[in-house]
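Participant: Input file: input_16.cif. Contents: mmCIF, C-alpha atoms.
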data_upload
loop_
_atom_site.label_atom_id
_atom_site.label_comp_id
_atom_site.auth_asym_id
_atom_site.auth_seq_id
_atom_site.Cartn_x
_atom_site.Cartn_y
_atom_site.Cartn_z
CA MET E 1191 28.79 5.51 -6.94
CA SER E 1192 29.50 1.99 -5.67
CA LEU E 1193 27.19 -0.92 -4.99
CA ILE E 1194 25.48 -0.51 -1.60
CA SER E 1195 23.68 -2.92 0.72
CA VAL E 1196 19.92 -3.37 0.86
CA GLU E 1197 19.86 -1.95 4.37
CA ASP E 1198 21.89 1.12 3.41
CA ALA E 1199 19.72 1.74 0.33
CA HIS E 1200 16.57 1.42 2.41
CA GLU E 1201 17.83 4.02 4.88
CA ARG E 1202 18.97 6.43 2.17
CA LEU E 1203 15.60 6.29 0.43
CA LEU E 1204 13.32 6.36 3.47
CA GLY E 1205 15.43 8.02 6.14
CA ALA E 1206 14.34 11.61 5.49
CA ALA E 1207 10.96 10.86 3.87
CA GLU E 1208 8.00 12.57 5.55
CA PRO E 1209 4.25 12.49 4.90
CA VAL E 1210 2.86 14.92 2.36
CA ARG E 1211 1.57 18.11 3.97
CA ARG E 1212 -1.47 18.55 1.76
CA SER E 1213 -4.89 17.74 3.17
CA VAL E 1214 -8.24 17.17 1.49
CA LEU E 1215 -11.83 16.93 2.69
CA VAL E 1216 -13.36 13.63 1.54
CA PRO E 1217 -16.80 12.03 1.95
CA LEU E 1218 -16.77 9.43 4.70
CA ARG E 1219 -17.44 6.73 2.10
CA GLU E 1220 -13.99 7.46 0.64
CA ALA E 1221 -12.10 7.77 3.92
CA ALA E 1222 -11.12 4.14 4.64
CA GLY E 1223 -7.38 3.62 4.34
CA ARG E 1224 -6.64 7.34 4.51
CA VAL E 1225 -4.73 9.13 7.27
CA LEU E 1226 -6.40 11.81 9.40
CA ALA E 1227 -5.05 15.34 8.97
CA GLU E 1228 -6.69 16.59 12.18
CA ASP E 1229 -8.37 15.30 15.32
CA VAL E 1230 -11.97 14.18 14.89
CA LEU E 1231 -14.23 15.41 17.72
CA ALA E 1232 -17.67 14.03 18.45
CA LYS E 1233 -20.44 16.36 17.34
CA ARG E 1234 -22.97 14.51 19.47
CA THR E 1235 -23.33 12.25 22.51
CA GLN E 1236 -23.71 8.51 21.92
CA PRO E 1237 -26.14 7.24 22.91
CA GLY E 1238 -28.06 10.46 23.31
CA PHE E 1239 -30.42 8.86 25.84
CA ASP E 1240 -30.49 5.98 28.32
CA ALA E 1241 -31.08 2.95 26.08
CA SER E 1242 -32.13 -0.61 26.69
CA ALA E 1243 -29.46 -3.25 26.08
CA MET E 1244 -32.02 -6.07 25.89
CA ASP E 1245 -35.56 -6.92 24.87
CA GLY E 1246 -37.83 -6.98 27.89
CA TYR E 1247 -39.65 -4.57 30.18
CA ALA E 1248 -38.66 -1.18 31.53
CA LEU E 1249 -39.63 -0.77 35.19
CA ARG E 1250 -38.53 0.44 38.58
CA ALA E 1251 -36.04 -1.99 40.14
CA GLU E 1252 -37.86 -1.83 43.47
CA ASP E 1253 -40.97 -3.22 41.73
CA ALA E 1254 -39.07 -6.35 40.66
CA GLN E 1255 -38.13 -7.68 44.08
CA ALA E 1256 -39.48 -10.78 45.80
CA PRO E 1257 -42.22 -11.39 46.63
CA PHE E 1258 -43.17 -10.41 43.08
CA GLN E 1259 -46.35 -8.46 42.52
CA PRO E 1260 -48.26 -8.01 39.25
CA LEU E 1261 -47.30 -4.86 37.30
CA ARG E 1262 -49.48 -3.01 34.83
CA VAL E 1263 -47.98 -2.72 31.33
CA ILE E 1264 -48.86 0.78 30.12
CA GLY E 1265 -47.07 1.07 26.77
CA GLU E 1266 -44.17 0.18 24.50
CA SER E 1267 -40.76 1.71 23.66
CA ALA E 1268 -39.03 0.66 20.45
CA ALA E 1269 -35.96 1.91 18.58
CA GLY E 1270 -37.04 5.12 16.88
CA ARG E 1271 -40.39 5.16 18.69
CA ALA E 1272 -39.97 6.13 22.33
CA PHE E 1273 -42.71 5.71 24.94
CA GLU E 1274 -43.66 9.24 25.92
CA GLY E 1275 -45.25 8.47 29.27
CA LYS E 1276 -43.74 8.04 32.72
CA ILE E 1277 -43.37 4.79 34.65
CA ALA E 1278 -45.03 5.06 38.05
CA PRO E 1279 -44.90 2.57 40.93
CA GLY E 1280 -46.50 -0.72 39.94
CA GLU E 1281 -46.13 -0.01 36.20
CA ALA E 1282 -43.88 -1.22 33.35
CA ALA E 1283 -43.46 -0.71 29.61
CA ARG E 1284 -42.56 -3.23 26.94
CA ILE E 1285 -39.13 -2.28 25.55
CA PHE E 1286 -36.79 -3.46 22.81
CA THR E 1287 -33.03 -3.33 22.36
CA GLY E 1288 -31.80 0.19 21.56
CA ALA E 1289 -35.03 1.88 22.59
CA PRO E 1290 -35.07 4.85 24.98
CA VAL E 1291 -35.74 3.96 28.60
CA PRO E 1292 -38.96 5.71 29.70
CA GLU E 1293 -38.87 8.33 32.43
CA GLY E 1294 -39.31 6.79 35.86
CA ALA E 1295 -37.81 3.39 34.91
CA ASP E 1296 -34.34 2.50 36.16
CA ALA E 1297 -33.92 -1.15 35.10
CA ILE E 1298 -34.77 -3.64 32.37
CA LEU E 1299 -36.33 -7.00 33.16
CA ILE E 1300 -35.34 -9.27 30.27
CA GLN E 1301 -38.21 -11.04 28.57
CA GLU E 1302 -36.92 -14.50 29.55
CA ASP E 1303 -37.42 -13.50 33.20
CA ALA E 1304 -40.92 -12.11 32.63
CA GLU E 1305 -44.35 -13.74 32.60
CA ARG E 1306 -47.59 -12.24 31.33
CA THR E 1307 -50.88 -13.17 32.98
CA GLY E 1308 -54.15 -13.77 31.19
CA ASP E 1309 -55.29 -10.23 31.87
CA GLY E 1310 -52.01 -8.76 30.50
CA ALA E 1311 -50.31 -8.04 33.81
CA LEU E 1312 -46.52 -8.57 34.16
CA ILE E 1313 -44.99 -10.86 36.78
CA ALA E 1314 -41.19 -10.79 37.28
CA LYS E 1315 -39.56 -14.19 37.77
CA GLU E 1316 -36.13 -12.80 38.74
CA GLN E 1317 -35.03 -9.80 40.78
CA VAL E 1318 -33.30 -6.89 39.05
CA SER E 1319 -31.06 -4.11 40.30
CA ALA E 1320 -31.04 -0.43 39.41
CA GLY E 1321 -29.23 0.20 36.13
CA GLN E 1322 -29.48 -3.43 35.01
CA HIS E 1323 -29.38 -3.83 31.19
CA ILE E 1324 -29.38 -0.05 30.63
CA ARG E 1325 -26.79 1.73 28.51
CA PRO E 1326 -26.50 5.20 30.04
CA ALA E 1327 -26.50 8.28 27.81
CA GLY E 1328 -22.93 9.02 26.72
CA VAL E 1329 -21.58 5.57 27.67
CA ASP E 1330 -19.85 5.37 24.26
CA PHE E 1331 -18.77 9.01 23.97
CA SER E 1332 -19.91 12.54 24.71
CA ALA E 1333 -20.03 15.61 22.47
CA GLY E 1334 -16.59 17.21 22.23
CA THR E 1335 -14.69 13.95 22.90
CA VAL E 1336 -11.68 13.30 20.65
CA LEU E 1337 -12.85 10.21 18.79
CA LEU E 1338 -9.85 9.82 16.49
CA ALA E 1339 -6.45 11.48 16.76
CA LYS E 1340 -4.61 13.21 13.95
CA GLY E 1341 -2.41 10.70 12.12
CA THR E 1342 -4.81 7.78 12.60
CA LEU E 1343 -4.99 5.31 9.71
CA LEU E 1344 -8.71 5.00 9.13
CA SER E 1345 -9.86 1.41 9.51
CA PRO E 1346 -13.48 0.41 8.78
CA GLY E 1347 -14.16 0.63 12.51
CA ALA E 1348 -12.68 4.13 12.68
CA VAL E 1349 -14.86 5.22 9.75
CA ALA E 1350 -17.93 3.87 11.55
CA LEU E 1351 -16.91 5.76 14.70
CA ALA E 1352 -16.56 9.02 12.78
CA ALA E 1353 -20.02 8.48 11.28
CA SER E 1354 -21.49 7.80 14.72
CA GLY E 1355 -19.91 11.03 15.91
CA GLY E 1356 -21.89 12.97 13.30
CA HIS E 1357 -19.29 13.42 10.51
CA ALA E 1358 -20.38 13.09 6.88
CA GLN E 1359 -16.94 14.13 5.59
CA ILE E 1360 -13.50 14.17 7.08
CA LEU E 1361 -10.13 15.91 6.57
CA VAL E 1362 -7.36 13.50 5.56
CA LEU E 1363 -3.85 13.67 4.17
CA ASP E 1364 -3.82 13.83 0.41
CA ARG E 1365 -2.57 10.74 -1.37
CA PRO E 1366 1.01 11.10 -2.59
CA LYS E 1367 1.02 11.58 -6.37
CA VAL E 1368 3.24 8.96 -7.97
CA ALA E 1369 4.01 9.27 -11.68
CA VAL E 1370 4.84 5.89 -13.25
CA LEU E 1371 6.65 5.71 -16.59
CA ALA E 1372 7.64 2.54 -18.45
CA THR E 1373 10.56 2.99 -20.86
CA GLY E 1374 11.84 1.01 -23.82
CA ASP E 1375 11.55 0.90 -27.62
CA GLU E 1376 10.45 -2.73 -27.32
CA LEU E 1377 7.31 -2.03 -25.27
CA VAL E 1378 3.71 -1.98 -26.46
CA PRO E 1379 0.59 -1.63 -24.29
CA PRO E 1380 -1.56 -4.68 -23.48
CA GLY E 1381 -4.03 -5.41 -26.26
CA ALA E 1382 -1.86 -3.88 -29.00
CA ASP E 1383 -0.30 -5.88 -31.83
CA VAL E 1384 3.10 -7.20 -30.76
CA GLY E 1385 5.84 -6.99 -33.38
CA PRO E 1386 8.67 -9.52 -33.77
CA SER E 1387 11.04 -7.48 -31.56
CA GLN E 1388 8.46 -6.23 -29.08
CA ILE E 1389 6.99 -7.27 -25.74
CA VAL E 1390 3.93 -6.24 -23.76
CA ALA E 1391 4.54 -3.59 -21.10
CA SER E 1392 3.35 -5.40 -17.96
CA ASN E 1393 5.50 -4.06 -15.13
CA GLY E 1394 3.74 -0.71 -14.93
CA TYR E 1395 0.48 -2.39 -13.97
CA GLY E 1396 2.05 -4.33 -11.13
CA VAL E 1397 3.99 -1.30 -9.88
CA ALA E 1398 0.85 0.87 -10.04
CA ALA E 1399 -1.05 -1.73 -8.01
CA LEU E 1400 1.69 -1.68 -5.36
CA VAL E 1401 1.60 2.12 -5.22
CA GLU E 1402 -2.18 2.21 -4.78
CA ALA E 1403 -2.12 -0.51 -2.13
CA ALA E 1404 0.46 1.55 -0.21
CA GLY E 1405 -1.81 4.61 -0.24
CA GLY E 1406 -0.58 6.45 -3.31
CA MET E 1407 -2.38 7.94 -6.31
CA VAL E 1408 -0.90 6.82 -9.64
CA ILE E 1409 -0.30 9.24 -12.49
CA ASP E 1410 0.04 6.88 -15.45
CA CYS E 1411 2.61 8.30 -17.85
CA GLY E 1412 2.35 5.34 -20.23
CA ILE E 1413 5.36 4.24 -22.27
CA ALA E 1414 8.35 6.29 -23.39
CA SER E 1415 10.79 5.22 -26.07
CA ASP E 1416 14.52 5.12 -25.44
CA ASP E 1417 14.90 8.83 -26.01
CA GLU E 1418 16.38 11.23 -23.46
CA GLU E 1419 14.28 14.16 -24.59
CA GLU E 1420 11.03 12.18 -24.34
CA ILE E 1421 11.86 10.83 -20.88
CA THR E 1422 12.90 14.31 -19.74
CA GLY E 1423 9.55 15.66 -20.95
CA HIS E 1424 7.69 13.23 -18.71
CA LEU E 1425 9.93 14.16 -15.78
CA ASP E 1426 9.32 17.87 -16.35
CA ARG E 1427 5.55 17.32 -16.45
CA ALA E 1428 5.70 15.37 -13.19
CA LEU E 1429 7.57 18.26 -11.59
CA ALA E 1430 5.12 20.81 -12.99
CA GLU E 1431 2.13 18.82 -11.71
CA GLY E 1432 3.59 18.66 -8.20
CA CYS E 1433 4.12 14.91 -8.13
CA ASP E 1434 5.67 13.55 -4.95
CA CYS E 1435 7.45 10.70 -6.69
CA PHE E 1436 8.53 9.93 -10.26
CA VAL E 1437 9.05 6.24 -10.99
CA THR E 1438 10.63 4.83 -14.11
CA ILE E 1439 10.66 1.18 -15.13
CA GLY E 1440 13.56 -0.01 -17.25
CA GLY E 1441 16.66 1.80 -18.45
CA ALA E 1442 18.22 1.94 -14.99
CA SER E 1443 21.33 -0.06 -15.84
CA VAL E 1444 24.49 1.14 -17.59
CA GLY E 1445 23.98 -0.01 -21.18
CA ASP E 1446 23.91 2.23 -24.24
CA HIS E 1447 20.10 2.30 -24.15
CA ASP E 1448 19.83 2.77 -20.39
CA LEU E 1449 19.05 6.46 -20.20
CA ILE E 1450 17.45 7.05 -16.80
CA GLY E 1451 20.71 7.86 -15.04
CA LYS E 1452 21.63 10.29 -17.80
CA VAL E 1453 18.26 12.04 -17.54
CA PHE E 1454 18.57 12.32 -13.76
CA ASP E 1455 22.11 13.68 -14.08
CA ALA E 1456 21.05 16.23 -16.69
CA LYS E 1457 18.37 17.51 -14.29
CA GLN E 1458 21.04 17.78 -11.55
CA ALA E 1459 19.16 15.36 -9.35
CA GLU E 1460 20.67 14.60 -5.96
CA MET E 1461 21.58 10.92 -6.26
CA ALA E 1462 21.06 8.61 -3.28
CA PHE E 1463 22.30 5.40 -4.94
CA LEU E 1464 22.69 3.78 -8.35
CA LYS E 1465 23.03 0.05 -7.70
CA VAL E 1466 22.05 -2.19 -4.81
CA ALA E 1467 23.72 -5.44 -3.79
CA MET E 1468 20.58 -7.55 -4.25
CA ARG E 1469 19.27 -10.23 -6.55
CA PRO E 1470 17.02 -9.62 -8.40
CA GLY E 1471 16.96 -5.84 -8.70
CA LYS E 1472 20.61 -4.74 -8.75
CA PRO E 1473 20.08 -1.88 -11.28
CA LEU E 1474 17.99 0.22 -8.91
CA MET E 1475 18.51 3.94 -8.47
CA ALA E 1476 17.08 6.66 -6.26
CA ALA E 1477 17.45 10.44 -6.40
CA GLN E 1478 15.64 13.65 -5.54
CA ILE E 1479 14.82 16.92 -7.30
CA GLY E 1480 13.53 19.44 -4.78
CA LYS E 1481 10.85 17.62 -2.85
CA MET E 1482 10.10 15.07 -5.57
CA ARG E 1483 11.58 11.60 -5.09
CA LEU E 1484 12.92 9.75 -8.12
CA VAL E 1485 13.03 5.95 -8.25
CA GLY E 1486 14.50 4.10 -11.23
CA LEU E 1487 13.35 0.47 -11.21
CA PRO E 1488 14.94 -2.27 -13.31
CA GLY E 1489 13.13 -3.54 -16.39
CA ASN E 1490 13.02 -7.29 -15.81
CA PRO E 1491 9.54 -8.16 -14.48
CA ALA E 1492 10.54 -9.92 -11.26
CA SER E 1493 13.33 -7.42 -10.67
CA SER E 1494 11.03 -4.42 -10.91
CA MET E 1495 8.35 -6.00 -8.71
CA VAL E 1496 10.82 -7.13 -6.05
CA ALA E 1497 12.53 -3.72 -6.01
CA ALA E 1498 9.17 -1.94 -5.87
CA THR E 1499 8.03 -4.17 -2.99
CA LEU E 1500 11.21 -3.57 -0.99
CA PHE E 1501 11.72 0.13 -1.68
CA LEU E 1502 8.90 1.92 -3.52
CA ALA E 1503 5.96 0.60 -1.47
CA PRO E 1504 7.56 1.54 1.90
CA LEU E 1505 8.41 4.98 0.49
CA VAL E 1506 4.81 5.56 -0.62
CA ARG E 1507 3.52 4.39 2.76
CA ARG E 1508 5.80 6.92 4.45
CA LEU E 1509 4.68 9.71 2.09
CA ALA E 1510 1.03 8.76 2.70
CA GLY E 1511 1.52 9.00 6.46
CA ARG E 1512 0.80 5.32 7.00
CA PRO E 1513 2.64 3.39 9.74
CA ASP E 1514 5.86 1.68 8.71
CA ARG E 1515 5.76 -2.10 8.48
CA PRO E 1516 8.62 -4.46 9.35
CA LEU E 1517 10.32 -5.39 6.10
CA THR E 1518 10.75 -9.06 7.06
CA ARG E 1519 9.35 -11.61 9.49
CA ALA E 1520 10.46 -14.97 10.82
CA ALA E 1521 9.74 -18.29 9.11
CA ILE E 1522 11.08 -21.83 8.89
CA LEU E 1523 12.69 -23.29 5.79
CA GLY E 1524 10.55 -25.93 4.12
CA SER E 1525 13.43 -27.22 2.00
CA ASP E 1526 17.21 -27.08 1.82
CA VAL E 1527 18.76 -24.02 0.16
CA PRO E 1528 22.31 -23.63 -1.17
CA GLU E 1529 24.91 -21.13 -0.07
CA ASN E 1530 24.46 -17.56 -1.25
CA GLY E 1531 26.81 -15.27 -3.14
CA THR E 1532 27.86 -11.66 -2.64
CA ARG E 1533 24.41 -10.06 -2.89
CA THR E 1534 21.30 -10.32 -0.74
CA ASP E 1535 19.07 -12.82 -2.52
CA PHE E 1536 15.28 -12.56 -2.53
CA MET E 1537 14.01 -15.93 -3.70
CA ARG E 1538 10.43 -16.13 -4.95
CA SER E 1539 8.75 -18.62 -2.63
CA ARG E 1540 5.54 -20.17 -1.36
CA THR E 1541 4.52 -20.37 2.27
CA GLU E 1542 2.46 -22.87 4.24
CA ILE E 1543 1.08 -22.39 7.73
CA ALA E 1544 1.13 -25.40 10.07
CA ALA E 1545 -1.64 -26.15 12.56
CA ASP E 1546 0.40 -24.51 15.33
CA GLY E 1547 0.80 -21.31 13.28
CA THR E 1548 4.40 -21.93 12.21
CA VAL E 1549 5.15 -20.48 8.77
CA PHE E 1550 7.17 -22.70 6.43
CA VAL E 1551 8.66 -21.23 3.26
CA THR E 1552 9.88 -23.09 0.17
CA PRO E 1553 11.61 -21.38 -2.77
CA LEU E 1554 10.11 -22.01 -6.20
CA ALA E 1555 12.19 -24.10 -8.58
CA ARG E 1556 12.99 -21.33 -11.08
CA GLN E 1557 14.31 -17.93 -10.01
CA ASP E 1558 15.04 -16.19 -13.36
CA SER E 1559 14.26 -12.48 -12.97
CA SER E 1560 12.49 -12.37 -16.34
CA LEU E 1561 9.81 -14.88 -15.29
CA LEU E 1562 6.69 -12.98 -14.27
CA SER E 1563 4.71 -16.23 -13.92
CA ILE E 1564 7.05 -17.33 -11.14
CA TYR E 1565 6.70 -14.00 -9.34
CA ALA E 1566 2.91 -14.15 -9.63
CA ALA E 1567 2.93 -17.69 -8.16
CA ALA E 1568 4.95 -16.55 -5.13
CA ASP E 1569 3.43 -15.20 -1.93
CA ALA E 1570 6.74 -14.40 -0.19
CA LEU E 1571 10.41 -13.67 -0.79
CA LEU E 1572 12.94 -15.76 1.09
CA MET E 1573 15.69 -13.34 2.13
CA ARG E 1574 19.20 -14.83 2.01
CA PRO E 1575 22.00 -12.56 3.35
CA PRO E 1576 25.27 -12.16 1.44
CA TYR E 1577 27.61 -15.16 1.85
CA ALA E 1578 24.97 -17.12 3.76
CA PRO E 1579 26.07 -20.78 4.12
CA PRO E 1580 23.87 -23.65 2.95
CA ALA E 1581 20.77 -24.07 5.14
CA ARG E 1582 18.66 -27.13 5.83
CA ALA E 1583 14.90 -27.56 6.01
CA GLY E 1584 13.73 -26.75 9.52
CA GLU E 1585 16.19 -23.90 10.08
CA SER E 1586 14.94 -20.37 10.81
CA CYS E 1587 14.96 -17.69 8.11
CA ARG E 1588 13.46 -14.31 7.21
CA ILE E 1589 10.80 -13.66 4.59
CA VAL E 1590 9.17 -10.65 2.92
CA ASP E 1591 5.40 -11.00 2.45
CA LEU E 1592 4.06 -10.33 -1.04
CA SER E 1593 0.37 -10.48 -0.10
#
Can I see the file as structure tokens?
Facilitator:
Amino acid sequence: MSLISVEDAHERLLGAAEPVRRSVLVPLREAAGRVLAEDVLAKRTQPGFDASAMDGYALRAEDAQAPFQPLRVIGESAAGRAFEGKIAPGEAARIFTGAPVPEGADAILIQEDAERTGDGALIAKEQVSAGQHIRPAGVDFSAGTVLLAKGTLLSPGAVALAASGGHAQILVLDRPKVAVLATGDELVPPGADVGPSQIVASNGYGVAALVEAAGGMVIDCGIASDDEEEITGHLDRALAEGCDCFVTIGGASVGDHDLIGKVFDAKQAEMAFLKVAMRPGKPLMAAQIGKMRLVGLPGNPASSMVAATLFLAPLVRRLAGRPDRPLTRAAILGSDVPENGTRTDFMRSRTEIAADGTVFVTPLARQDSSLLSIYAAADALLMRPPYAPPARAGESCRIVDLS
């Protein structure tokens, strides 16, 4: 299978991907960032009564017309403590924001426009009209209203709306289950003793963070040695547990110890691609077994993180039912860049935002794919198309956000 373009690889991986069909009932506290599996209907009317929008006095509008006459204050209505009486001609009740408007009143005189006499009577200083400063019952929504439509990504505001509608729990799409396996005889977990030929397995943590940020649930498979049978065992367990995606890190190239392709072939996986014309991240593969997606990421730290950002995170978002995001956005070069070669280059870069909102991007000095410190220092990838000519500072470009 030949080297394919970034755009072609993106389409092959995401083109037929659909959200998981499982749904789960979760407490509202855990609903933010999830996708609704069904419409959410209001169980109640909000507000359930005519409510005051201001602090002041509830009265009849016709009693607050010039020439102003003294009104008798007969009670008080506060939030959670309604005045139970009825406002008759020549009467008013003290009222506070959010409190029920007493029967008989049809307007609120705000306290700045009110004056109290020595004997406690109320004198209006400004005229009011019927309905002034009153929130009618149901002005926000009524019982039975569709508050949130199926497929909505639940923002904090949407969660608050569901709570206001009377929902303590809510039905959402299940998070896609993403098994993540790091491979390599040289790897040891963080905190373990590192031998003379070993390195700390770091990529899995970054990839897992990307998966979770995209809406997925990580199944941490740990580290596998360079052994086909061991890697196959992890793959079989992921299939048995109904994982939606199986991600490997390392071993995706064509060396003697690169076994991921062999394992995928042995399981008769339907291959989408084996190599992508990009730098870093060329040894990137994608396949499918039944409904489970397989993604083989390269082992170099920057390569795996760039590939996961460009391909795995969008896939997980699609599986989670979240809206797609544009892969790139416009920016302005903050420095000169040389011509590019045959592959799409994603240069680790830093951005700055000018006072007028213009985004300037400057590649970092070192671009070696093994340098995790450089990747961590970057907040964007400068995308350089194949065979792009040299470009000068001030020219337009495209970037991929890392934040």
Participant: If I take atom CA of E:Arg1325 and atom CA of E:Gly1280, how far is one from the other in Å, to one decimal?
Facilitator: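 Separation between atom CA of E:Arg1325 and atom CA of E:Gly1280: 22.9 Å.
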Participant: Taking only C-alpha atoms into account, name the residue in E:Lys1340, E:Ile1543, E:Asp1309, E:Ala1348 that is nearest to E:Ala1222.
Facilitator: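 Checking each candidate against E:Ala1222, we get E:Ala1348 as the closest.
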Participant: By how many Å are atom CA of E:Leu1474 and atom CA of E:Arg1538 apart?
Facilitator: 18.4 Å
Participant: When the PyMOL selection byres ((chain E and resi 1565-1570) around 9) is applied to the file above, which residues end up in the set, as a VMD selection string?
Facilitator: chain E and resid 1491 to 1492 1495 to 1496 1537 to 1541 1551 1553 to 1554 1557 1559 1561 to 1564 1571 to 1572 1589 to 1593
Participant: What residues come out when you apply the PyMOL selection byres ((chain E and resi 1356) around 8) to this file, written as an MDAnalysis selection string?
Facilitator: chainID E and resid 1232:1234 1352:1355 1357:1358
Participant: For the residues in the current selection, export C-alpha atoms as a compact mmCIF listing (two decimals), keeping the file's coordinate frame.
Facilitator:
# COMPACT_ATOMS: atom_id res chain seq x y z
CA ALA E 1232 -17.67 14.03 18.45
CA LYS E 1233 -20.44 16.36 17.34
CA ARG E 1234 -22.97 14.51 19.47
CA ALA E 1352 -16.56 9.02 12.78
CA ALA E 1353 -20.02 8.48 11.28
CA SER E 1354 -21.49 7.80 14.72
CA GLY E 1355 -19.91 11.03 15.91
CA HIS E 1357 -19.29 13.42 10.51
CA ALA E 1358 -20.38 13.09 6.88
Participant: Can you list, as a ChimeraX atom specification, the residues that the PyMOL selection byres ((chain E and resi 1368-1370) around 9) selects here?
Facilitator: /E:1365-1367,1371-1372,1394,1397-1398,1401,1406-1412,1424-1425,1428,1433-1439,1506
Participant: Restrict the selected residues to C-alpha atoms and save them as a short mmCIF file (atom, residue, chain, number, x, y, z; two decimals), in the frame of the given file.
Facilitator:
data_model
loop_
_atom_site.label_atom_id
_atom_site.label_comp_id
_atom_site.auth_asym_id
_atom_site.auth_seq_id
_atom_site.Cartn_x
_atom_site.Cartn_y
_atom_site.Cartn_z
CA ARG E 1365 -2.57 10.74 -1.37
CA PRO E 1366 1.01 11.10 -2.59
CA LYS E 1367 1.02 11.58 -6.37
CA LEU E 1371 6.65 5.71 -16.59
CA ALA E 1372 7.64 2.54 -18.45
CA GLY E 1394 3.74 -0.71 -14.93
CA VAL E 1397 3.99 -1.30 -9.88
CA ALA E 1398 0.85 0.87 -10.04
CA VAL E 1401 1.60 2.12 -5.22
CA GLY E 1406 -0.58 6.45 -3.31
CA MET E 1407 -2.38 7.94 -6.31
CA VAL E 1408 -0.90 6.82 -9.64
CA ILE E 1409 -0.30 9.24 -12.49
CA ASP E 1410 0.04 6.88 -15.45
CA CYS E 1411 2.61 8.30 -17.85
CA GLY E 1412 2.35 5.34 -20.23
CA HIS E 1424 7.69 13.23 -18.71
CA LEU E 1425 9.93 14.16 -15.78
CA ALA E 1428 5.70 15.37 -13.19
CA CYS E 1433 4.12 14.91 -8.13
CA ASP E 1434 5.67 13.55 -4.95
CA CYS E 1435 7.45 10.70 -6.69
CA PHE E 1436 8.53 9.93 -10.26
CA VAL E 1437 9.05 6.24 -10.99
CA THR E 1438 10.63 4.83 -14.11
CA ILE E 1439 10.66 1.18 -15.13
CA VAL E 1506 4.81 5.56 -0.62
#
Participant: Suppose you want the space between atom CA of E:Thr1307 and atom CA of E:Leu1249; what is it in Å?
Facilitator: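 Computing the Euclidean distance for atom CA of E:Thr1307 and atom CA of E:Leu1249 yields 16.9 Å.
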Participant: Residues at most 12 Å from E:Glu1420, counting all atoms listed in the file, excluding those fewer than 3 positions away in the same chain, as JSON, numbers by chain?
Facilitator: {"E": [1371, 1372, 1373, 1374, 1375, 1411, 1412, 1413, 1414, 1415, 1416, 1417, 1423, 1424, 1425, 1426, 1427, 1449, 1450, 1453]}
Participant: With all atoms listed in the file as the atoms that count, which of E:Asn1530, E:Ser1192, E:Gln1259, E:Thr1287 lies nearest to E:Arg1306?
Facilitator: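 Checking each of E:Asn1530, E:Ser1192, E:Gln1259, E:Thr1287 against E:Arg1306, counting all atoms listed in the file, the winner is E:Gln1259.
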Participant: Looking at only C-alpha atoms, which of E:Leu1523, E:Leu1464, E:Val1216, E:Leu1500 is the one that sits closest to E:Phe1550?
Facilitator: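 Distance minimum relative to E:Phe1550 lands on E:Leu1523.
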Participant: With distances taken over all atoms listed in the file, which of E:Ala1278, E:Leu1400, E:Ile1313, E:Met1244 is nearest to E:Pro1257?
Facilitator: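 Closest to E:Pro1257 of all the choices is E:Ile1313.
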Participant: Measuring between all atoms listed in the file, which one of E:Asp1558, E:Glu1228, E:Asp1198, E:Asp1546 shows the shortest distance to E:Ile1360?
Facilitator: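 Using all atoms listed in the file, E:Ile1360 sits closest to E:Glu1228.
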Participant: Counting all atoms listed in the file, which of E:Ser1267, E:Ser1494, E:Gln1255, E:Ser1242 gets nearest to E:Gly1396?
Facilitator: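 Ranked by minimum distance to E:Gly1396, first place goes to E:Ser1494.
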Participant: Please list as an mmCIF file with C-alpha atoms, in the coordinates of the input every residue within 10 Å of E:Phe1501, counting only C-alpha atoms and excluding residues in the same chain fewer than 2 positions away.
Facilitator:
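The result, stored in around-v6.cif:
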data_model
loop_
_atom_site.group_PDB
_atom_site.id
_atom_site.type_symbol
_atom_site.label_atom_id
_atom_site.label_comp_id
_atom_site.auth_asym_id
_atom_site.auth_seq_id
_atom_site.Cartn_x
_atom_site.Cartn_y
_atom_site.Cartn_z
ATOM 1 C CA VAL E 1196 19.920 -3.370 0.860
ATOM 2 C CA ALA E 1199 19.720 1.740 0.330
ATOM 3 C CA HIS E 1200 16.570 1.420 2.410
ATOM 4 C CA GLU E 1201 17.830 4.020 4.880
ATOM 5 C CA LEU E 1203 15.600 6.290 0.430
ATOM 6 C CA LEU E 1204 13.320 6.360 3.470
ATOM 7 C CA LEU E 1474 17.990 0.220 -8.910
ATOM 8 C CA ALA E 1476 17.080 6.660 -6.260
ATOM 9 C CA VAL E 1485 13.030 5.950 -8.250
ATOM 10 C CA LEU E 1487 13.350 0.470 -11.210
ATOM 11 C CA MET E 1495 8.350 -6.000 -8.710
ATOM 12 C CA VAL E 1496 10.820 -7.130 -6.050
ATOM 13 C CA ALA E 1497 12.530 -3.720 -6.010
ATOM 14 C CA ALA E 1498 9.170 -1.940 -5.870
ATOM 15 C CA THR E 1499 8.030 -4.170 -2.990
ATOM 16 C CA ALA E 1503 5.960 0.600 -1.470
ATOM 17 C CA PRO E 1504 7.560 1.540 1.900
ATOM 18 C CA LEU E 1505 8.410 4.980 0.490
ATOM 19 C CA VAL E 1506 4.810 5.560 -0.620
ATOM 20 C CA LEU E 1517 10.320 -5.390 6.100
#
Participant: Fewer than 6 positions away in the same chain doesn't count, so skip those; otherwise give me all residues within 8 Å of E:Gln1478, counting only C-alpha atoms, as an NGL selection string.
Facilitator: :E and (1459-1462 or 1484)
Participant: Let me see the file: selected residues, C-alpha atoms, as a compact mmCIF listing (two decimals), keeping the file's coordinate frame.
Facilitator:
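Final output, saved to out.txt:
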# COMPACT_ATOMS: atom_id res chain seq x y z
CA ALA E 1459 19.16 15.36 -9.35
CA GLU E 1460 20.67 14.60 -5.96
CA MET E 1461 21.58 10.92 -6.26
CA ALA E 1462 21.06 8.61 -3.28
CA LEU E 1484 12.92 9.75 -8.12
